[in-house]
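Undergrad: One structure is given below, represented as structure tokens, and several questions about it will come after.
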Amino acid sequence: MNMKRDTIFKKIRELIIRERWEYDFVIKESTSLQDDLKIYGDDATDFLTKFCEEFNCKPKDFKFDDYFAPEPSWTDLFRKKKKYKSFTVLDLIKAAEKGTLT
């Protein structure tokens with residue numbers, strides 16, 4: 001990891017802890033926002049909005065519903081489970097470097 005990427009990674013970790021909480025495991029580049037950090041639904045929308053503001057990223061053509069489940073509901077028991085694409089801390093690092101959330 002180069003120095004710039006290392007700095008971005010540290011800032012992203014700080015954002016995660018500030019906006020969510022301190023997790024009982026090490027946050028790595030491979031950490032999934034939804035599966036590991038349990039960020040989904042409105043929380044994911046709020047988190048990504050704050051991420052984009054802090055890192056000056058544009059959510060250009062980002063297909064939120066491909067990556068994040070909605071808030072859980074009792075009706076989920078009757079729905080077919082959807083498979084979501086993984087969105088990791090590394091994806092956030094790349095977005096910060098490029099200036100676009102894709």
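Every chain in the structure tokens has a letter given in the order shown (A, B, ...), and although residue numbers restart at 1 in each chain, ligands are simply numbered from 1 in the order shown.
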May I have the residues within 12 Å of range 35-39 of chain A as a short mmCIF file (atom, residue, chain, number, x, y, z; two decimals) with C-alpha atoms, in the first residue's frame, using only C-alpha atoms and disregarding those fewer than 2 positions away in the same chain?

TA:
data_model
loop_
_atom_site.label_atom_id
_atom_site.label_comp_id
_atom_site.auth_asym_id
_atom_site.auth_seq_id
_atom_site.Cartn_x
_atom_site.Cartn_y
_atom_site.Cartn_z
CA ARG A 13 -11.31 3.57 9.10
CA ILE A 16 -16.32 4.06 9.90
CA ILE A 17 -15.60 4.25 13.64
CA GLU A 19 -20.16 7.07 12.02
CA ARG A 20 -20.75 3.53 13.29
CA TRP A 21 -18.66 2.33 16.23
CA GLU A 22 -15.45 0.55 17.13
CA TYR A 23 -15.69 -3.03 15.91
CA ASP A 24 -14.19 -5.98 17.79
CA PHE A 25 -12.14 -6.98 14.74
CA VAL A 26 -9.54 -5.32 12.54
CA ILE A 27 -10.98 -3.40 9.61
CA LYS A 28 -9.03 -4.37 6.49
CA GLU A 29 -9.29 -3.57 2.79
CA SER A 30 -11.25 -6.81 2.34
CA THR A 31 -13.84 -5.88 4.99
CA SER A 32 -17.34 -5.89 3.51
CA LEU A 33 -19.57 -2.97 4.44
CA GLY A 41 -30.50 0.07 4.04
CA ASP A 42 -30.81 3.65 5.24
CA ASP A 43 -27.60 3.30 7.25
CA ALA A 44 -25.70 2.47 4.05
CA THR A 45 -27.24 5.46 2.28
CA ASP A 46 -26.27 7.76 5.15
CA PHE A 47 -22.76 6.31 5.40
CA LEU A 48 -22.07 6.57 1.66
CA TYR A 67 -24.72 -3.90 -3.20
CA PHE A 68 -26.96 -3.18 -0.21
CA ALA A 69 -30.06 -4.85 1.18
CA PRO A 70 -32.94 -2.70 2.44
CA GLU A 71 -33.72 -2.38 6.13
CA PRO A 72 -34.87 -5.75 7.49
CA LYS A 83 -27.64 -12.09 -3.68
CA TYR A 84 -25.80 -8.78 -3.35
CA LYS A 85 -22.44 -7.86 -4.83
CA SER A 86 -19.67 -7.29 -2.32
CA PHE A 87 -18.69 -3.72 -1.52
CA THR A 88 -15.54 -3.49 0.55
CA VAL A 89 -13.28 -0.94 2.19
#

Undergrad: Mind checking which residues fall within 9 Å of Cys57 in chain A, counting only C-alpha atoms, ignoring those fewer than 4 positions away in the same chain, and posting them as a compact mmCIF listing (two decimals) with C-alpha atoms, in the first residue's frame?

TA:
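Everything below was put into out-v7.txt:
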# COMPACT_ATOMS: atom_id res chain seq x y z
CA PHE A 51 -18.18 9.21 2.64
CA CYS A 52 -18.82 11.07 -0.64
CA GLU A 53 -18.89 14.42 1.18
CA ALA A 95 -13.55 5.61 -5.03
CA ALA A 96 -11.63 8.15 -2.95
CA GLU A 97 -8.66 7.87 -5.35
CA LYS A 98 -10.84 8.26 -8.47
CA GLY A 99 -13.32 10.75 -7.07
CA THR A 100 -16.30 8.64 -8.14
CA LEU A 101 -18.31 5.98 -6.41

Undergrad: Could you write out, as a ChimeraX atom specification, all the residues of range 8-100 of chain A that DSSP marks as helix (DSSP H, G or I)?

TA: /A:8-19,41-55,64-67,74-78,89-98

Undergrad: Which of these, A:Asp66, A:Lys4, A:Glu54, A:Arg18, has the shortest distance to Thr102 in chain A once you count only C-alpha atoms?

TA: A:Asp66
